[in-house]
Amino acid sequence: MKSAVIVFPGSNRERDMVTALHSVFGSAPELVWHGDSTLPDVDLVVLPGGFSYGDYLRCGAIAARSPVIADVVRKAKAGTRVLGVCNGFQILTEIGLLPGALMRNASLRFVCQLVNLRIDNNESAFTRGYRLHDVVRCPVAHGDGNYFADEATLDRLEGEGRVALRYCDERGELTADANPNGSQRNIAGILNETGNVLGLMPHPENFIEPLHGGTDCRRFFEGMAETLEAA
Amino acid sequence: MKAKIKVTLKRGVLDPQGKAIEHALSTLGFGGVDEVRQGKYIEVELEETDEARARAEIEAMCEKLLANTVIENYEIELAR
């Protein structure tokens, strides 16, 4: 199983992602510099977390115009799995591969904490390791994770089962208190129309080892490995 | 030619920063303040001297990078 992690100036979670992918997939992903014009032939492309270009202009805005992005779009359209975590999610919305935008947290505070996520779609390559409505603990660390889209887009996302993950309480209830950033409809992660692109604000790569405090998110990567190996 | 670009949040998009500013203004005793919205101001110096072409170029810049039209509007002002 081959994967690649793209590195932008200001990415800072790429090594966590490499460690997670290596640990679960058994092979190390290739690190690809944003200035490269082509990606290697891989089954999974990851846009990691961080603060690409210092979040200048808008989070992910400058990274979304990097040379490598044209090939990310080409691969995504051809069906390659693309995963964007945190800043990677912001970049995917700026590219237009995912709808909506990530805005400043409603609290105006950077949030760095554990949240509970409810799996609202377990049919995608990314979430197949879970049962529907499983509640999974996962860390978040962001200042701009407040998901916004117009009502019509939100209805479409829900209608098409493209809201993969939502912030919830321990029992899976979608409460306002469980929402760390003010995201509309408690949205934490969404899929594209064809289900091969996922963007999410939480960091599953940081909750896969006992030393992380829990291993809830290991299934996320294991499910992905099973899907991609079967393909 | 100089282009002055204002990027503002669309109506209906929540602006928590604007809300915080509004709150601070009322704390300072400024009454009757409502609907504070924060935006961005960008200046670009262009070699282009033809106004129509300059405007078209800036519009393309706004659409491609300077504004995120999912959440933002932009206004362009050109000055010699």
# chains A, B, ... in the order shown; residues from 1 in each chain; ligands from 1

$ residues_around --residues "range 40-46 of chain B" --least-positions-apart "6" --cutoff "8 Å" --atoms "only C-alpha atoms" --output "PDB file with N, CA and C atoms, in the first residue's frame"
ATOM      1  N   MET B   1      -0.771  51.787 -12.139  1.00  0.00           N
ATOM      2  CA  MET B   1      -2.107  51.939 -11.588  1.00  0.00           C
ATOM      3  C   MET B   1      -2.213  51.161 -10.283  1.00  0.00           C
ATOM      4  N   LYS B   2      -2.912  51.776  -9.329  1.00  0.00           N
ATOM      5  CA  LYS B   2      -3.045  51.096  -8.041  1.00  0.00           C
ATOM      6  C   LYS B   2      -4.465  50.558  -7.876  1.00  0.00           C
ATOM      7  N   ALA B   3      -4.568  49.330  -7.402  1.00  0.00           N
ATOM      8  CA  ALA B   3      -5.877  48.747  -7.119  1.00  0.00           C
ATOM      9  C   ALA B   3      -6.043  48.642  -5.615  1.00  0.00           C
ATOM     10  N   LYS B   4      -7.204  49.073  -5.146  1.00  0.00           N
ATOM     11  CA  LYS B   4      -7.531  48.942  -3.725  1.00  0.00           C
ATOM     12  C   LYS B   4      -8.692  47.960  -3.630  1.00  0.00           C
ATOM     13  N   ILE B   5      -8.476  46.900  -2.883  1.00  0.00           N
ATOM     14  CA  ILE B   5      -9.461  45.814  -2.851  1.00  0.00           C
ATOM     15  C   ILE B   5      -9.975  45.640  -1.433  1.00  0.00           C
ATOM     16  N   LYS B   6     -11.290  45.650  -1.329  1.00  0.00           N
ATOM     17  CA  LYS B   6     -11.922  45.400  -0.025  1.00  0.00           C
ATOM     18  C   LYS B   6     -12.550  44.022  -0.052  1.00  0.00           C
ATOM     19  N   VAL B   7     -12.194  43.194   0.905  1.00  0.00           N
ATOM     20  CA  VAL B   7     -12.785  41.856   1.006  1.00  0.00           C
ATOM     21  C   VAL B   7     -13.604  41.805   2.280  1.00  0.00           C
ATOM     22  N   THR B   8     -14.871  41.498   2.143  1.00  0.00           N
ATOM     23  CA  THR B   8     -15.763  41.481   3.313  1.00  0.00           C
ATOM     24  C   THR B   8     -16.536  40.172   3.372  1.00  0.00           C
ATOM     25  N   ALA B  54      -7.005  46.372 -16.387  1.00  0.00           N
ATOM     26  CA  ALA B  54      -6.563  46.290 -14.989  1.00  0.00           C
ATOM     27  C   ALA B  54      -7.677  45.712 -14.123  1.00  0.00           C
TER      28      ALA B  54
END

$ interface_residues --of "chain A" --to "chain B" --cutoff "9 Å" --atoms "only C-alpha atoms" --output "tab-separated table (two decimals) with N, CA, C and O atoms, in the first residue's frame"
chain	number	residue	atom	x	y	z
A	57	LEU	N	-3.41	35.39	4.59
A	57	LEU	CA	-4.60	35.65	3.76
A	57	LEU	C	-5.80	34.90	4.31
A	57	LEU	O	-6.72	35.51	4.83
A	58	ARG	N	-5.85	33.59	4.16
A	58	ARG	CA	-6.86	32.73	4.82
A	58	ARG	C	-6.16	31.39	5.04
A	58	ARG	O	-5.26	31.03	4.27
A	61	ALA	N	-5.15	29.07	2.07
A	61	ALA	CA	-5.39	29.75	0.78
A	61	ALA	C	-4.16	29.70	-0.12
A	61	ALA	O	-4.27	29.44	-1.32
A	62	ILE	N	-2.99	29.96	0.44
A	62	ILE	CA	-1.78	30.02	-0.40
A	62	ILE	C	-1.35	28.60	-0.77
A	62	ILE	O	-0.98	28.32	-1.91
A	65	ARG	N	-2.78	26.94	-3.78
A	65	ARG	CA	-2.31	27.36	-5.11
A	65	ARG	C	-0.88	26.89	-5.35
A	65	ARG	O	-0.18	27.42	-6.21
A	94	GLU	N	-10.28	25.19	0.16
A	94	GLU	CA	-9.75	26.29	-0.65
A	94	GLU	C	-9.51	25.84	-2.09
A	94	GLU	O	-9.66	26.63	-3.02
A	99	PRO	N	-16.78	21.27	-0.41
A	99	PRO	CA	-17.54	22.52	-0.34
A	99	PRO	C	-17.39	23.20	1.02
A	99	PRO	O	-16.94	22.59	1.99
A	100	GLY	N	-17.79	24.47	1.08
A	100	GLY	CA	-17.79	25.19	2.34
A	100	GLY	C	-16.45	25.82	2.66
A	100	GLY	O	-15.56	25.89	1.81
A	101	ALA	N	-16.32	26.29	3.90
A	101	ALA	CA	-15.09	26.95	4.34
A	101	ALA	C	-14.94	26.74	5.84
A	101	ALA	O	-15.91	26.50	6.54
A	103	MET	N	-13.89	28.60	9.17
A	103	MET	CA	-13.74	29.97	9.65
A	103	MET	C	-13.20	29.99	11.07
A	103	MET	O	-13.06	28.96	11.71
A	104	ARG	N	-12.91	31.21	11.55
A	104	ARG	CA	-12.40	31.38	12.92
A	104	ARG	C	-13.36	30.72	13.91
A	104	ARG	O	-14.58	30.83	13.76
A	105	ASN	N	-12.81	30.01	14.90
A	105	ASN	CA	-13.65	29.38	15.93
A	105	ASN	C	-14.60	30.42	16.52
A	105	ASN	O	-14.20	31.56	16.76
A	106	ALA	N	-15.83	29.99	16.79
A	106	ALA	CA	-16.83	30.92	17.30
A	106	ALA	C	-16.37	31.57	18.61
A	106	ALA	O	-16.69	32.71	18.90
A	107	SER	N	-15.59	30.82	19.41
A	107	SER	CA	-15.10	31.33	20.69
A	107	SER	C	-13.95	32.31	20.52
A	107	SER	O	-13.55	32.97	21.47
A	108	LEU	N	-13.40	32.38	19.32
A	108	LEU	CA	-12.19	33.15	18.99
A	108	LEU	C	-10.95	32.58	19.69
A	108	LEU	O	-9.90	33.20	19.68
A	148	PHE	N	-18.37	26.22	7.80
A	148	PHE	CA	-19.47	27.02	7.26
A	148	PHE	C	-19.80	26.60	5.84
A	148	PHE	O	-18.90	26.41	5.02
A	149	ALA	N	-21.09	26.45	5.57
A	149	ALA	CA	-21.57	26.34	4.19
A	149	ALA	C	-22.99	26.87	4.21
A	149	ALA	O	-23.63	26.93	5.27
A	150	ASP	N	-23.51	27.26	3.04
A	150	ASP	CA	-24.89	27.76	3.04
A	150	ASP	C	-25.86	26.60	3.29
A	150	ASP	O	-25.50	25.44	3.18

$ closest_residue --among "A:Glu151, A:Asp36, A:Asp144, A:Asp134" --to "Pro180 in chain A" --atoms "only C-alpha atoms"
A:Asp144

$ atom_distance --atom1 "CA of Pro67 in chain A" --atom2 "CA of Asp43 in chain A"
20.2 Å

$ residues_around --residues "Ala164 in chain A" --least-positions-apart "3" --cutoff "7 Å" --atoms "only C-alpha atoms" --output "mmCIF file with N, CA, C and O atoms, in the first residue's frame"
data_model
loop_
_atom_site.group_PDB
_atom_site.id
_atom_site.type_symbol
_atom_site.label_atom_id
_atom_site.label_comp_id
_atom_site.auth_asym_id
_atom_site.auth_seq_id
_atom_site.Cartn_x
_atom_site.Cartn_y
_atom_site.Cartn_z
ATOM 1 N N ILE A 119 -19.506 8.742 14.201
ATOM 2 C CA ILE A 119 -19.325 8.294 12.822
ATOM 3 C C ILE A 119 -20.694 8.281 12.157
ATOM 4 O O ILE A 119 -21.547 7.458 12.482
ATOM 5 N N ASP A 120 -20.911 9.205 11.236
ATOM 6 C CA ASP A 120 -22.221 9.310 10.590
ATOM 7 C C ASP A 120 -22.240 8.702 9.193
ATOM 8 O O ASP A 120 -23.276 8.707 8.523
ATOM 9 N N ASN A 121 -21.088 8.249 8.740
ATOM 10 C CA ASN A 121 -21.020 7.505 7.480
ATOM 11 C C ASN A 121 -19.879 6.517 7.651
ATOM 12 O O ASN A 121 -18.737 6.919 7.842
ATOM 13 N N GLY A 189 -16.200 16.533 9.817
ATOM 14 C CA GLY A 189 -15.533 16.014 8.622
ATOM 15 C C GLY A 189 -16.537 15.692 7.530
ATOM 16 O O GLY A 189 -17.628 15.208 7.813
ATOM 17 N N ILE A 190 -16.152 15.999 6.288
ATOM 18 C CA ILE A 190 -17.056 15.757 5.152
ATOM 19 C C ILE A 190 -16.344 15.058 3.998
ATOM 20 O O ILE A 190 -15.119 15.131 3.859
ATOM 21 N N LEU A 191 -17.166 14.399 3.182
ATOM 22 C CA LEU A 191 -16.678 13.682 2.000
ATOM 23 C C LEU A 191 -17.056 14.444 0.733
ATOM 24 O O LEU A 191 -18.034 15.195 0.727
#

$ residues_around --residues "range 208-219 of chain A" --least-positions-apart "6" --cutoff "12 Å" --atoms "only C-alpha atoms" --output "ChimeraX atom specification"
/A:16-17,19-25,113-119,122,125-131,134-139,202,225-227

$ select_by_dssp --residues "range 10-71 of chain B" --states "strand (DSSP E or B)" --output "PyMOL selection string"
chain B and resi 40-45

$ write_last_selection --atoms "N, CA and C atoms" --output "JSON list (two decimals), in the first residue's frame"
[["chain", "number", "residue", "atom", "x", "y", "z"],
["B", 40, "LYS", "N", -10.98, 42.72, 5.07],
["B", 40, "LYS", "CA", -9.56, 42.89, 4.70],
["B", 40, "LYS", "C", -9.45, 43.97, 3.64],
["B", 41, "TYR", "N", -8.30, 44.63, 3.66],
["B", 41, "TYR", "CA", -8.02, 45.64, 2.66],
["B", 41, "TYR", "C", -6.67, 45.29, 2.02],
["B", 42, "ILE", "N", -6.66, 45.19, 0.70],
["B", 42, "ILE", "CA", -5.43, 44.79, -0.01],
["B", 42, "ILE", "C", -5.12, 45.82, -1.09],
["B", 43, "GLU", "N", -3.86, 46.23, -1.17],
["B", 43, "GLU", "CA", -3.44, 47.14, -2.25],
["B", 43, "GLU", "C", -2.53, 46.39, -3.21],
["B", 44, "VAL", "N", -2.73, 46.63, -4.49],
["B", 44, "VAL", "CA", -1.88, 46.01, -5.50],
["B", 44, "VAL", "C", -1.44, 47.09, -6.49],
["B", 45, "GLU", "N", -0.15, 47.16, -6.75],
["B", 45, "GLU", "CA", 0.37, 48.10, -7.74],
["B", 45, "GLU", "C", 0.49, 47.34, -9.07]]

$ closest_residue --among "A:Ala230, A:Ala28, A:Ala141, A:Val72" --to "Gly50 in chain A" --atoms "only C-alpha atoms"
A:Ala141

$ atom_distance --atom1 "CA of Ala70 in chain A" --atom2 "CA of Ile91 in chain A"
12.8 Å

$ residues_around --residues "Ile21 in chain B" --least-positions-apart "3" --cutoff "12 Å" --atoms "only C-alpha atoms" --output "number ranges by chain"
A: 108; B: 15-18, 24-28, 30, 33-38

$ atom_distance --atom1 "CA of Arg74 in chain A" --atom2 "CA of Leu102 in chain A"
23.2 Å

$ select_by_dssp --residues "range 4-64 of chain B" --states "helix (DSSP H, G or I)" --output "PDB file with all heavy atoms, in the first residue's frame"
ATOM      1  N   PRO B  16     -17.368  36.169  14.139  1.00  0.00           N
ATOM      2  CA  PRO B  16     -17.091  36.246  15.586  1.00  0.00           C
ATOM      3  C   PRO B  16     -16.124  37.370  15.944  1.00  0.00           C
ATOM      4  O   PRO B  16     -16.238  37.956  17.021  1.00  0.00           O
ATOM      5  CB  PRO B  16     -16.494  34.868  15.923  1.00  0.00           C
ATOM      6  CG  PRO B  16     -16.280  34.152  14.640  1.00  0.00           C
ATOM      7  CD  PRO B  16     -17.042  34.872  13.565  1.00  0.00           C
ATOM      8  N   GLN B  17     -15.202  37.703  15.022  1.00  0.00           N
ATOM      9  CA  GLN B  17     -14.273  38.807  15.318  1.00  0.00           C
ATOM     10  C   GLN B  17     -15.026  40.125  15.359  1.00  0.00           C
ATOM     11  O   GLN B  17     -14.788  40.961  16.235  1.00  0.00           O
ATOM     12  CB  GLN B  17     -13.165  38.862  14.268  1.00  0.00           C
ATOM     13  CG  GLN B  17     -12.269  37.642  14.331  1.00  0.00           C
ATOM     14  CD  GLN B  17     -11.213  37.659  13.242  1.00  0.00           C
ATOM     15  OE1 GLN B  17     -10.088  38.071  13.498  1.00  0.00           O
ATOM     16  NE2 GLN B  17     -11.563  37.216  12.062  1.00  0.00           N
ATOM     17  N   GLY B  18     -15.919  40.318  14.420  1.00  0.00           N
ATOM     18  CA  GLY B  18     -16.754  41.522  14.419  1.00  0.00           C
ATOM     19  C   GLY B  18     -17.550  41.628  15.706  1.00  0.00           C
ATOM     20  O   GLY B  18     -17.663  42.706  16.304  1.00  0.00           O
ATOM     21  N   LYS B  19     -18.089  40.500  16.156  1.00  0.00           N
ATOM     22  CA  LYS B  19     -18.866  40.470  17.406  1.00  0.00           C
ATOM     23  C   LYS B  19     -17.997  40.875  18.593  1.00  0.00           C
ATOM     24  O   LYS B  19     -18.437  41.610  19.475  1.00  0.00           O
ATOM     25  CB  LYS B  19     -19.431  39.062  17.646  1.00  0.00           C
ATOM     26  CG  LYS B  19     -20.650  38.742  16.819  1.00  0.00           C
ATOM     27  CD  LYS B  19     -21.925  39.269  17.500  1.00  0.00           C
ATOM     28  CE  LYS B  19     -23.092  39.232  16.528  1.00  0.00           C
ATOM     29  NZ  LYS B  19     -23.770  40.511  16.350  1.00  0.00           N
ATOM     30  N   ALA B  20     -16.757  40.368  18.610  1.00  0.00           N
ATOM     31  CA  ALA B  20     -15.851  40.695  19.724  1.00  0.00           C
ATOM     32  C   ALA B  20     -15.513  42.187  19.715  1.00  0.00           C
ATOM     33  O   ALA B  20     -15.439  42.826  20.769  1.00  0.00           O
ATOM     34  CB  ALA B  20     -14.575  39.857  19.627  1.00  0.00           C
ATOM     35  N   ILE B  21     -15.334  42.749  18.526  1.00  0.00           N
ATOM     36  CA  ILE B  21     -15.037  44.187  18.416  1.00  0.00           C
ATOM     37  C   ILE B  21     -16.234  44.996  18.904  1.00  0.00           C
ATOM     38  O   ILE B  21     -16.095  45.965  19.662  1.00  0.00           O
ATOM     39  CB  ILE B  21     -14.692  44.553  16.951  1.00  0.00           C
ATOM     40  CG1 ILE B  21     -13.381  43.868  16.522  1.00  0.00           C
ATOM     41  CG2 ILE B  21     -14.570  46.074  16.788  1.00  0.00           C
ATOM     42  CD1 ILE B  21     -13.139  43.875  15.022  1.00  0.00           C
ATOM     43  N   GLU B  22     -17.419  44.550  18.472  1.00  0.00           N
ATOM     44  CA  GLU B  22     -18.656  45.221  18.874  1.00  0.00           C
ATOM     45  C   GLU B  22     -18.775  45.242  20.400  1.00  0.00           C
ATOM     46  O   GLU B  22     -19.102  46.259  21.012  1.00  0.00           O
ATOM     47  CB  GLU B  22     -19.827  44.454  18.248  1.00  0.00           C
ATOM     48  CG  GLU B  22     -21.165  45.126  18.353  1.00  0.00           C
ATOM     49  CD  GLU B  22     -22.224  44.309  17.626  1.00  0.00           C
ATOM     50  OE1 GLU B  22     -22.006  43.933  16.455  1.00  0.00           O
ATOM     51  OE2 GLU B  22     -23.259  44.008  18.246  1.00  0.00           O
ATOM     52  N   HIS B  23     -18.480  44.090  21.009  1.00  0.00           N
ATOM     53  CA  HIS B  23     -18.558  43.962  22.453  1.00  0.00           C
ATOM     54  C   HIS B  23     -17.565  44.913  23.126  1.00  0.00           C
ATOM     55  O   HIS B  23     -17.895  45.605  24.099  1.00  0.00           O
ATOM     56  CB  HIS B  23     -18.275  42.508  22.849  1.00  0.00           C
ATOM     57  CG  HIS B  23     -18.324  42.280  24.315  1.00  0.00           C
ATOM     58  ND1 HIS B  23     -19.506  42.273  25.026  1.00  0.00           N
ATOM     59  CD2 HIS B  23     -17.330  42.068  25.219  1.00  0.00           C
ATOM     60  CE1 HIS B  23     -19.235  42.066  26.301  1.00  0.00           C
ATOM     61  NE2 HIS B  23     -17.929  41.937  26.446  1.00  0.00           N
ATOM     62  N   ALA B  24     -16.334  44.960  22.575  1.00  0.00           N
ATOM     63  CA  ALA B  24     -15.307  45.830  23.161  1.00  0.00           C
ATOM     64  C   ALA B  24     -15.706  47.293  23.041  1.00  0.00           C
ATOM     65  O   ALA B  24     -15.465  48.097  23.943  1.00  0.00           O
ATOM     66  CB  ALA B  24     -13.964  45.582  22.475  1.00  0.00           C
ATOM     67  N   LEU B  25     -16.320  47.661  21.903  1.00  0.00           N
ATOM     68  CA  LEU B  25     -16.761  49.049  21.720  1.00  0.00           C
ATOM     69  C   LEU B  25     -17.810  49.427  22.764  1.00  0.00           C
ATOM     70  O   LEU B  25     -17.754  50.514  23.344  1.00  0.00           O
ATOM     71  CB  LEU B  25     -17.319  49.238  20.304  1.00  0.00           C
ATOM     72  CG  LEU B  25     -16.279  49.276  19.174  1.00  0.00           C
ATOM     73  CD1 LEU B  25     -16.968  49.290  17.819  1.00  0.00           C
ATOM     74  CD2 LEU B  25     -15.352  50.472  19.314  1.00  0.00           C
ATOM     75  N   SER B  26     -18.722  48.493  23.017  1.00  0.00           N
ATOM     76  CA  SER B  26     -19.764  48.819  23.996  1.00  0.00           C
ATOM     77  C   SER B  26     -19.169  48.890  25.396  1.00  0.00           C
ATOM     78  O   SER B  26     -19.577  49.705  26.220  1.00  0.00           O
ATOM     79  CB  SER B  26     -20.934  47.835  23.906  1.00  0.00           C
ATOM     80  OG  SER B  26     -20.579  46.607  24.467  1.00  0.00           O
ATOM     81  N   THR B  27     -18.136  48.065  25.660  1.00  0.00           N
ATOM     82  CA  THR B  27     -17.438  48.131  26.949  1.00  0.00           C
ATOM     83  C   THR B  27     -16.787  49.502  27.138  1.00  0.00           C
ATOM     84  O   THR B  27     -16.710  50.033  28.238  1.00  0.00           O
ATOM     85  CB  THR B  27     -16.358  47.033  27.035  1.00  0.00           C
ATOM     86  OG1 THR B  27     -16.970  45.786  26.773  1.00  0.00           O
ATOM     87  CG2 THR B  27     -15.677  46.987  28.393  1.00  0.00           C
ATOM     88  N   GLU B  51      -7.581  50.861 -17.858  1.00  0.00           N
ATOM     89  CA  GLU B  51      -8.426  50.620 -16.692  1.00  0.00           C
ATOM     90  C   GLU B  51      -9.251  49.336 -16.814  1.00  0.00           C
ATOM     91  O   GLU B  51      -9.369  48.564 -15.862  1.00  0.00           O
ATOM     92  CB  GLU B  51      -9.353  51.821 -16.468  1.00  0.00           C
ATOM     93  CG  GLU B  51     -10.025  51.738 -15.125  1.00  0.00           C
ATOM     94  CD  GLU B  51     -10.607  53.069 -14.678  1.00  0.00           C
ATOM     95  OE1 GLU B  51     -10.069  54.131 -15.035  1.00  0.00           O
ATOM     96  OE2 GLU B  51     -11.611  53.031 -13.947  1.00  0.00           O
ATOM     97  N   ALA B  52      -9.811  49.103 -17.991  1.00  0.00           N
ATOM     98  CA  ALA B  52     -10.651  47.910 -18.180  1.00  0.00           C
ATOM     99  C   ALA B  52      -9.830  46.631 -18.007  1.00  0.00           C
ATOM    100  O   ALA B  52     -10.260  45.672 -17.360  1.00  0.00           O
ATOM    101  CB  ALA B  52     -11.304  47.937 -19.556  1.00  0.00           C
ATOM    102  N   ARG B  53      -8.640  46.660 -18.598  1.00  0.00           N
ATOM    103  CA  ARG B  53      -7.798  45.456 -18.485  1.00  0.00           C
ATOM    104  C   ARG B  53      -7.329  45.249 -17.040  1.00  0.00           C
ATOM    105  O   ARG B  53      -7.263  44.137 -16.543  1.00  0.00           O
ATOM    106  CB  ARG B  53      -6.600  45.554 -19.436  1.00  0.00           C
ATOM    107  CG  ARG B  53      -6.967  45.191 -20.889  1.00  0.00           C
ATOM    108  CD  ARG B  53      -5.732  44.753 -21.669  1.00  0.00           C
ATOM    109  NE  ARG B  53      -4.758  45.825 -21.798  1.00  0.00           N
ATOM    110  CZ  ARG B  53      -4.731  46.676 -22.845  1.00  0.00           C
ATOM    111  NH1 ARG B  53      -5.586  46.556 -23.829  1.00  0.00           N
ATOM    112  NH2 ARG B  53      -3.830  47.638 -22.895  1.00  0.00           N
ATOM    113  N   ALA B  54      -7.005  46.372 -16.387  1.00  0.00           N
ATOM    114  CA  ALA B  54      -6.563  46.290 -14.989  1.00  0.00           C
ATOM    115  C   ALA B  54      -7.677  45.712 -14.123  1.00  0.00           C
ATOM    116  O   ALA B  54      -7.453  44.832 -13.294  1.00  0.00           O
ATOM    117  CB  ALA B  54      -6.173  47.680 -14.480  1.00  0.00           C
ATOM    118  N   ARG B  55      -8.898  46.174 -14.359  1.00  0.00           N
ATOM    119  CA  ARG B  55     -10.026  45.683 -13.564  1.00  0.00           C
ATOM    120  C   ARG B  55     -10.234  44.177 -13.787  1.00  0.00           C
ATOM    121  O   ARG B  55     -10.441  43.415 -12.844  1.00  0.00           O
ATOM    122  CB  ARG B  55     -11.292  46.467 -13.912  1.00  0.00           C
ATOM    123  CG  ARG B  55     -12.493  46.127 -13.050  1.00  0.00           C
ATOM    124  CD  ARG B  55     -13.637  47.094 -13.266  1.00  0.00           C
ATOM    125  NE  ARG B  55     -13.332  48.442 -12.787  1.00  0.00           N
ATOM    126  CZ  ARG B  55     -13.474  48.821 -11.517  1.00  0.00           C
ATOM    127  NH1 ARG B  55     -13.926  47.979 -10.620  1.00  0.00           N
ATOM    128  NH2 ARG B  55     -13.174  50.043 -11.136  1.00  0.00           N
ATOM    129  N   ALA B  56     -10.132  43.779 -15.049  1.00  0.00           N
ATOM    130  CA  ALA B  56     -10.325  42.356 -15.365  1.00  0.00           C
ATOM    131  C   ALA B  56      -9.257  41.508 -14.675  1.00  0.00           C
ATOM    132  O   ALA B  56      -9.535  40.418 -14.152  1.00  0.00           O
ATOM    133  CB  ALA B  56     -10.277  42.152 -16.877  1.00  0.00           C
ATOM    134  N   GLU B  57      -8.041  42.050 -14.663  1.00  0.00           N
ATOM    135  CA  GLU B  57      -6.941  41.313 -14.048  1.00  0.00           C
ATOM    136  C   GLU B  57      -7.154  41.178 -12.532  1.00  0.00           C
ATOM    137  O   GLU B  57      -6.986  40.107 -11.952  1.00  0.00           O
ATOM    138  CB  GLU B  57      -5.621  42.042 -14.333  1.00  0.00           C
ATOM    139  CG  GLU B  57      -4.422  41.152 -14.246  1.00  0.00           C
ATOM    140  CD  GLU B  57      -3.134  41.866 -14.639  1.00  0.00           C
ATOM    141  OE1 GLU B  57      -3.165  43.086 -14.946  1.00  0.00           O
ATOM    142  OE2 GLU B  57      -2.096  41.207 -14.623  1.00  0.00           O
ATOM    143  N   ILE B  58      -7.554  42.281 -11.899  1.00  0.00           N
ATOM    144  CA  ILE B  58      -7.789  42.247 -10.447  1.00  0.00           C
ATOM    145  C   ILE B  58      -8.963  41.336 -10.119  1.00  0.00           C
ATOM    146  O   ILE B  58      -8.948  40.604  -9.128  1.00  0.00           O
ATOM    147  CB  ILE B  58      -8.038  43.674  -9.901  1.00  0.00           C
ATOM    148  CG1 ILE B  58      -6.779  44.518 -10.045  1.00  0.00           C
ATOM    149  CG2 ILE B  58      -8.471  43.631  -8.439  1.00  0.00           C
ATOM    150  CD1 ILE B  58      -5.660  44.179  -9.090  1.00  0.00           C
ATOM    151  N   GLU B  59      -9.988  41.370 -10.971  1.00  0.00           N
ATOM    152  CA  GLU B  59     -11.131  40.473 -10.739  1.00  0.00           C
ATOM    153  C   GLU B  59     -10.694  39.018 -10.753  1.00  0.00           C
ATOM    154  O   GLU B  59     -11.098  38.213  -9.912  1.00  0.00           O
ATOM    155  CB  GLU B  59     -12.219  40.700 -11.789  1.00  0.00           C
ATOM    156  CG  GLU B  59     -13.327  41.585 -11.264  1.00  0.00           C
ATOM    157  CD  GLU B  59     -14.305  42.030 -12.340  1.00  0.00           C
ATOM    158  OE1 GLU B  59     -14.512  41.269 -13.308  1.00  0.00           O
ATOM    159  OE2 GLU B  59     -14.843  43.139 -12.202  1.00  0.00           O
ATOM    160  N   ALA B  60      -9.841  38.682 -11.701  1.00  0.00           N
ATOM    161  CA  ALA B  60      -9.335  37.300 -11.784  1.00  0.00           C
ATOM    162  C   ALA B  60      -8.542  36.961 -10.525  1.00  0.00           C
ATOM    163  O   ALA B  60      -8.649  35.861  -9.979  1.00  0.00           O
ATOM    164  CB  ALA B  60      -8.473  37.140 -13.036  1.00  0.00           C
ATOM    165  N   MET B  61      -7.759  37.930 -10.043  1.00  0.00           N
ATOM    166  CA  MET B  61      -6.973  37.708  -8.809  1.00  0.00           C
ATOM    167  C   MET B  61      -7.903  37.460  -7.619  1.00  0.00           C
ATOM    168  O   MET B  61      -7.641  36.603  -6.779  1.00  0.00           O
ATOM    169  CB  MET B  61      -6.090  38.925  -8.500  1.00  0.00           C
ATOM    170  CG  MET B  61      -4.942  39.124  -9.451  1.00  0.00           C
ATOM    171  SD  MET B  61      -4.027  40.609  -8.949  1.00  0.00           S
ATOM    172  CE  MET B  61      -3.113  40.928 -10.450  1.00  0.00           C
ATOM    173  N   CYS B  62      -8.978  38.227  -7.568  1.00  0.00           N
ATOM    174  CA  CYS B  62      -9.935  38.073  -6.460  1.00  0.00           C
ATOM    175  C   CYS B  62     -10.588  36.703  -6.518  1.00  0.00           C
ATOM    176  O   CYS B  62     -10.709  36.019  -5.505  1.00  0.00           O
ATOM    177  CB  CYS B  62     -11.003  39.165  -6.514  1.00  0.00           C
ATOM    178  SG  CYS B  62     -10.374  40.777  -6.022  1.00  0.00           S
ATOM    179  N   GLU B  63     -11.009  36.308  -7.707  1.00  0.00           N
ATOM    180  CA  GLU B  63     -11.706  35.029  -7.862  1.00  0.00           C
ATOM    181  C   GLU B  63     -10.778  33.855  -7.544  1.00  0.00           C
ATOM    182  O   GLU B  63     -11.195  32.844  -6.996  1.00  0.00           O
ATOM    183  CB  GLU B  63     -12.247  34.885  -9.287  1.00  0.00           C
ATOM    184  CG  GLU B  63     -13.391  35.825  -9.625  1.00  0.00           C
ATOM    185  CD  GLU B  63     -14.703  35.461  -8.923  1.00  0.00           C
ATOM    186  OE1 GLU B  63     -14.913  34.273  -8.615  1.00  0.00           O
ATOM    187  OE2 GLU B  63     -15.508  36.390  -8.680  1.00  0.00           O
ATOM    188  N   LYS B  64      -9.499  34.010  -7.957  1.00  0.00           N
ATOM    189  CA  LYS B  64      -8.582  32.877  -7.810  1.00  0.00           C
ATOM    190  C   LYS B  64      -7.902  32.807  -6.458  1.00  0.00           C
ATOM    191  O   LYS B  64      -7.509  31.747  -6.015  1.00  0.00           O
ATOM    192  CB  LYS B  64      -7.492  32.946  -8.894  1.00  0.00           C
ATOM    193  CG  LYS B  64      -7.991  32.478 -10.237  1.00  0.00           C
ATOM    194  CD  LYS B  64      -6.830  32.282 -11.189  1.00  0.00           C
ATOM    195  CE  LYS B  64      -7.302  31.630 -12.474  1.00  0.00           C
ATOM    196  NZ  LYS B  64      -6.313  31.696 -13.530  1.00  0.00           N
TER     197      LYS B  64
END
